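Each remark here refers to the structure printed beneath this line.
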Amino acid sequence: MILLVVLVVLGSATSAAAQTAAGPAVISRTANDNVTVRAVRVAEPLRIDGRLDEDVYATVESITGFIQQEPEEGQPATEKTEAWILFDDVNLYICARNWDSHPEREIANELRRDNGNILGNENFTFVIDPLHDRRNGYLFQTNALGALRDMTVTDDQQNSAWNGIWYVKTGRFENGWTMEVAIPFKSLRYRGSGPQTWGINLRRLVKWKNEFSYLSLVPAALGTSGVSRMASAATVVGIETPAESKNIEFKPYAMASSTTNQTAAAPFENDGQVNAGLDFKYGLTRSLILDATYRTDFAQVEEDLQQINLTRFSVFFPEKREFFIEGQGIFDFGGGQAGNSPGDVPLLFFSRQIGISQGQAVPVIGGARLTGRSGPFSIGALNIQTDDEPSARAVSTNFSALRVKRNLLRRSNVGMMATRRGPAVDGTGAPSYAFGADATLLFFKSINVTSYYAMTNQPGRNGGDVTGTSYRGRFDYTDDRYGASAEHMLIDKNFAPAVGYVRRTDVRRSFGQLRFSPRPRRSATIRKYTWQASADYVTDAPAIRVQSREVSGLFRIDFQSSDQASAEVSREYEWLPAPFVISPGVIVPAGGYTYSTTRVSYGMGQQRKVSGRISMAGGTLYDGTKSEVSYSGRWGVVPQFSIEPSIALNWVSLPDGDFTARLVSSRFTITPSARMSISSLVQYNVVSHYLSSSARLRWEYTGGSEVFVVYSDGRVTATTGLPLLQNRTVAIKVTRLVRF
């Protein structure tokens, strides 16, 4: 008897040890936000056809039990989702069967790659954290049509410019839709080869219900971008990565173009050029990547969207060039993000300073970038050399940036950054520098503290160096029901990051905001109310004169349908230290001005055939009045064709004169497949009498290899009323990706 008991105990212990080593059968859930799943090896590669008809879907248990984020946080999803995480020696597979009680209501009208309107469709999103550091990873998204959208995630922030190599097909069945995704392991960065423990989260959006559900719960307070909150991800075990390859990529290109520019210092017409270059990528480790570029060309980049500007500050345009956007997030500093307008917050590094001068392209000879992780450190280093460009008044310049961040606790980090530009912008021949240290401290699920201190050094015109400083501290409490923010920032008058961006200097800013967002119980139409109040107080850096102050209040209604209505009132004071031209022939004198604005707007959910936001505003401006009407939206004619009109009308009456600022634009897009699109953008600024148009074909003919055909021109109508050509470019570019 004693022997039998001993054998039973030993057998149980051995069985338990084996089960622990193998991981859970499919899914283990101890709480909504404590989930472990197991990936299963398949003997043969899956056929990526979206049908889910292989034997593995019948023999391997599916992952189910998704949890709502919206509209009922923490409750089980109302529509069943079955998912599988599979792999072989080459690919990771994420597959799903998405059940729907009313498949006839499904929304699927967007095919363009990386387009935000995919979020307005029935879609499936998943994030992968191959380093399992709960901070960084990759995001993939598709809809019922098989569209592709992908991003990298850096410290929970999304960078939409990354284009990975992966494959997706979708299908339909009587009760919903299915999807199969294959991601080559070569497209991911992970630690070595062999058994792995990764982070993963899966999200399903049933758009006709506006219901978001997750494998591992993400707090509702984080909204739709919360999917990139890697600390909320589940743990996936069982993945075995292949032996490390050489991890080398070559991407040569060839390009031919013809350019006309009547506005250059030396005007020219039909200047034909043939060019070729190379991008190179080498994995020093699976998580530390070296990128190099030679004779870089950006002919395929879309033109900037024009904006109406009724302020004395310059307009911010985000980076769109692929080489600079990839890995961009690691160079974010002090809470500022180069992909979004930072307002008054300076950017220590902003890549649009490289290769652009006087609104013209400057040749990029080449350079290199190192990005990735080494232990607890995130590393980013960049060096780029540009050439002379007399027509843009640019001299040969070297740009450098170094960024290091060190992880702290679960989600916090501290870091340092340094940049160099030589010669400096002023043309004295000496370089300029910028240095800074920052910290991001994240506590619990809703408390964020960010801060930085930065200093710049640039050559003075009369000899010696000019030094400037800036610092910022910000506190955010971002719960679903309540919110609060407080910030203090200083930018002194000599602060000038030569490889960065700063909207204005010599300011000291204090800001505060309070929010109350209750959710009505059992409302069939309204999901959330929001009341918000904020105060912004800006003086010069010595705090002697008030530069501006603003008090504003906002009321917003979020509907169950994803429509949104809002009303906002604000009262502002602004001191103008010098007169400025607000419109041709209309000057606003220096002095202090108090004005107010009332604005109402309504946003129609992206799932509608005609969607967008319409806004109306009225009030006073610079001792005069201003009225405004704007609309920006989308008409999805069919999934393969859409029209995106935009119009902004401003009627301004000032003591020095009256004017109407009108900007009309429209984008037309044809998408024959998820990997081919033809888009055209037409913009007309009535005030500046400037008409621009462009057409762009992008075809990814094989993974990572593309063909671009681009046409763009700009015309003025001020003199004769007829469009007179100012500039024109026609370009054909072909790239080819080779991986080892």
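Labels for the structure tokens follow display order: chains A, B, ..., residues from 1 in each chain, ligands from 1.
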
Quick one: everything within 6 Å of stretch 514-522 of chain A, counting only C-alpha atoms, minus sequence neighbours fewer than 4 positions away in the same chain. Send it as a CSV table (one decimal) with C-alpha atoms, in the first residue's frame.
```
chain,number,residue,atom,x,y,z
A,481,ARG,CA,-14.6,58.3,-15.6
A,482,TYR,CA,-12.3,61.0,-14.4
A,483,GLY,CA,-9.2,62.7,-15.8
A,484,ALA,CA,-6.8,65.4,-14.8
A,527,ARG,CA,-22.3,55.5,-24.6
A,528,LYS,CA,-20.6,58.3,-22.7
A,529,TYR,CA,-20.8,62.0,-21.8
A,530,THR,CA,-17.7,64.2,-21.3
A,531,TRP,CA,-17.4,67.5,-19.5
A,532,GLN,CA,-14.0,69.0,-19.7
A,533,ALA,CA,-12.5,72.3,-18.5
```

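Residues in contact range of A:Ser187, defined as at most 7 Å between only C-alpha atoms, with sequence neighbours fewer than 2 positions away removed, read Gly164, Ile165, Ile183, Pro184 and Phe185 of chain A.
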
Just want the 12 Å neighbourhood of A:Val60, counted on only C-alpha atoms, with same-chain residues fewer than 3 positions away dropped. Output as a tab-separated table (two decimals) with N, CA and C atoms, in the first residue's frame.
```
chain	number	residue	atom	x	y	z
A	25	ALA	N	-2.88	23.71	-22.20
A	25	ALA	CA	-3.36	23.02	-23.39
A	25	ALA	C	-3.59	24.02	-24.52
A	26	VAL	N	-4.36	25.08	-24.27
A	26	VAL	CA	-4.56	26.15	-25.25
A	26	VAL	C	-4.58	27.50	-24.56
A	27	ILE	N	-5.36	27.61	-23.49
A	27	ILE	CA	-5.50	28.89	-22.81
A	27	ILE	C	-5.70	28.66	-21.32
A	38	ARG	N	-1.16	29.06	-25.61
A	38	ARG	CA	-0.10	28.21	-26.15
A	38	ARG	C	-0.17	28.20	-27.67
A	39	ALA	N	0.98	28.39	-28.31
A	39	ALA	CA	1.10	28.25	-29.75
A	39	ALA	C	1.36	26.79	-30.08
A	40	VAL	N	0.82	26.33	-31.20
A	40	VAL	CA	0.91	24.93	-31.60
A	40	VAL	C	1.68	24.83	-32.92
A	41	ARG	N	2.65	23.93	-32.96
A	41	ARG	CA	3.41	23.70	-34.18
A	41	ARG	C	2.57	22.89	-35.17
A	42	VAL	N	2.64	23.28	-36.46
A	42	VAL	CA	1.97	22.52	-37.51
A	42	VAL	C	3.03	21.80	-38.34
A	54	GLU	N	-8.18	23.30	-43.12
A	54	GLU	CA	-7.17	22.30	-42.77
A	54	GLU	C	-7.58	21.53	-41.52
A	55	ASP	N	-7.02	20.35	-41.36
A	55	ASP	CA	-7.36	19.49	-40.22
A	55	ASP	C	-7.01	20.14	-38.88
A	56	VAL	N	-5.99	21.01	-38.87
A	56	VAL	CA	-5.54	21.57	-37.60
A	56	VAL	C	-6.65	22.34	-36.88
A	57	TYR	N	-7.58	22.94	-37.65
A	57	TYR	CA	-8.65	23.71	-37.02
A	57	TYR	C	-9.68	22.81	-36.33
A	63	ILE	N	-8.89	29.32	-29.26
A	63	ILE	CA	-8.81	30.28	-28.15
A	63	ILE	C	-10.09	31.12	-28.18
A	82	GLU	N	-13.22	32.67	-32.35
A	82	GLU	CA	-12.32	31.53	-32.19
A	82	GLU	C	-11.01	31.88	-32.86
A	83	ALA	N	-9.91	31.73	-32.13
A	83	ALA	CA	-8.60	32.09	-32.67
A	83	ALA	C	-7.62	30.94	-32.47
A	84	TRP	N	-6.62	30.87	-33.33
A	84	TRP	CA	-5.55	29.89	-33.24
A	84	TRP	C	-4.21	30.60	-33.43
A	85	ILE	N	-3.23	30.20	-32.62
A	85	ILE	CA	-1.86	30.69	-32.76
A	85	ILE	C	-1.02	29.47	-33.14
A	86	LEU	N	-0.51	29.45	-34.36
A	86	LEU	CA	0.19	28.30	-34.92
A	86	LEU	C	1.55	28.76	-35.46
```

In stretch 351-573 of chain A, DSSP strand (DSSP E) residues written as a PyMOL selection string: chain A and resi 356-357+360-361+364-374+377-386+397-408+412-422+432-443+447-459+465-478+482-491+507-516+526-539+546-559+564-573

Would you list the contacts of stretch 144-161 of chain A as an MDAnalysis selection string, taking every protein, DNA or RNA residue within 7 Å and counting only C-alpha atoms, but skipping same-chain residues closer than 6 positions in sequence? chainID A and resid 108 111:115 122:123 135:138 168:170 177 228:230 322 325:326 329:330 674

Could you name the residues that touch A:Thr597 at 7 Å or less, counting only C-alpha atoms, but leaving out those on the same chain fewer than 5 positions away, as a PyMOL selection string? chain A and resi 569-571+617-620

Keeping only C-alpha atoms, take the residues you just selected and write them out as a short mmCIF file (atom, residue, chain, number, x, y, z; two decimals), in the first residue's frame.
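Output saved as result-v1.cif:
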```cif
data_model
loop_
_atom_site.label_atom_id
_atom_site.label_comp_id
_atom_site.auth_asym_id
_atom_site.auth_seq_id
_atom_site.Cartn_x
_atom_site.Cartn_y
_atom_site.Cartn_z
CA VAL A 569 -16.45 77.58 -25.81
CA SER A 570 -13.18 79.40 -25.21
CA ARG A 571 -12.01 82.84 -24.19
CA ALA A 617 -17.60 78.12 -35.22
CA GLY A 618 -18.09 81.82 -34.61
CA GLY A 619 -16.71 84.54 -32.39
CA THR A 620 -14.29 87.42 -32.22
#
```

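The space between atom CA of A:Asn121 and atom CA of A:Leu52 spans 21.4 Å.
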
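Nearest-residue note for A:Gln75: choosing from A:Met179, A:Val218, A:Ala276, A:Ala590, the minimum distance belongs to A:Val218, counting only C-alpha atoms.
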
Which of these, A:Gln353, A:Thr235, A:Ser688, A:Ser225, has the shortest distance to A:Arg134 once you count only C-alpha atoms? A:Thr235

If we count only C-alpha atoms, what is near A:Gly359 at a cut-off of 12 Å, once residues fewer than 5 positions away on the same chain are taken out, given as a PDB file with C-alpha atoms, in the first residue's frame?
```
ATOM      1  CA  THR A 263      10.210  79.215 -58.378  1.00  0.00           C
ATOM      2  CA  ALA A 264      13.796  78.022 -57.917  1.00  0.00           C
ATOM      3  CA  GLU A 303       2.659  65.735 -50.766  1.00  0.00           C
ATOM      4  CA  ASP A 304       1.700  67.597 -47.594  1.00  0.00           C
ATOM      5  CA  PHE A 317       3.908  69.098 -41.173  1.00  0.00           C
ATOM      6  CA  ARG A 352      12.146  66.935 -41.581  1.00  0.00           C
ATOM      7  CA  GLN A 353      15.161  69.142 -40.861  1.00  0.00           C
ATOM      8  CA  ILE A 354      17.121  66.622 -42.969  1.00  0.00           C
ATOM      9  CA  SER A 391      18.205  76.282 -55.643  1.00  0.00           C
ATOM     10  CA  ALA A 392      17.175  75.588 -52.024  1.00  0.00           C
ATOM     11  CA  ARG A 393      20.046  77.657 -50.561  1.00  0.00           C
ATOM     12  CA  ALA A 394      21.353  74.527 -48.803  1.00  0.00           C
TER      13      ALA A 394
END
```

Give me the residues near stretch 397-404 of chain A as a ChimeraX atom specification, where near means some atom within 8 Å (using only C-alpha atoms) and where sequence neighbours in that chain fewer than 5 positions away do not count. /A:330-331,349,354,377-388,415-423,499

Kindly export the residues of the current selection with C-alpha atoms, as a PDB file, in the first residue's frame.
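As written to disk, result-v4.pdb reads:
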```
ATOM      1  CA  ILE A 330      12.719  55.575 -30.332  1.00  0.00           C
ATOM      2  CA  PHE A 331      13.790  59.192 -30.995  1.00  0.00           C
ATOM      3  CA  PHE A 349      14.967  65.592 -33.011  1.00  0.00           C
ATOM      4  CA  ILE A 354      17.121  66.622 -42.969  1.00  0.00           C
ATOM      5  CA  PHE A 377      18.440  49.630 -22.937  1.00  0.00           C
ATOM      6  CA  SER A 378      16.732  51.023 -26.055  1.00  0.00           C
ATOM      7  CA  ILE A 379      19.265  52.482 -28.486  1.00  0.00           C
ATOM      8  CA  GLY A 380      18.889  54.812 -31.455  1.00  0.00           C
ATOM      9  CA  ALA A 381      21.787  56.315 -33.420  1.00  0.00           C
ATOM     10  CA  LEU A 382      21.626  58.134 -36.745  1.00  0.00           C
ATOM     11  CA  ASN A 383      24.058  59.888 -39.066  1.00  0.00           C
ATOM     12  CA  ILE A 384      22.996  61.399 -42.423  1.00  0.00           C
ATOM     13  CA  GLN A 385      24.974  63.431 -44.954  1.00  0.00           C
ATOM     14  CA  THR A 386      23.215  65.770 -47.401  1.00  0.00           C
ATOM     15  CA  ASP A 387      24.636  67.479 -50.478  1.00  0.00           C
ATOM     16  CA  ASP A 388      24.658  71.065 -51.738  1.00  0.00           C
ATOM     17  CA  GLY A 415      16.860  58.446 -21.146  1.00  0.00           C
ATOM     18  CA  MET A 416      19.297  60.846 -22.751  1.00  0.00           C
ATOM     19  CA  MET A 417      19.543  62.362 -26.206  1.00  0.00           C
ATOM     20  CA  ALA A 418      22.143  64.340 -28.176  1.00  0.00           C
ATOM     21  CA  THR A 419      22.031  65.848 -31.672  1.00  0.00           C
ATOM     22  CA  ARG A 420      24.546  67.618 -33.886  1.00  0.00           C
ATOM     23  CA  ARG A 421      24.200  69.634 -37.105  1.00  0.00           C
ATOM     24  CA  GLY A 422      27.272  70.820 -38.927  1.00  0.00           C
ATOM     25  CA  PRO A 423      27.465  73.398 -40.175  1.00  0.00           C
ATOM     26  CA  VAL A 499      17.920  69.099 -35.780  1.00  0.00           C
TER      27      VAL A 499
END
```

Option closest in space to A:Arg203, from A:Ile94, A:Ala292, A:Ala256, A:Ile308 [counting only C-alpha atoms]: A:Ile94

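With only C-alpha atoms as the atoms that count, the residue of A:Arg295, A:Lys609, A:Arg728, A:Arg312 with the shortest distance to A:Val362 is A:Arg295.
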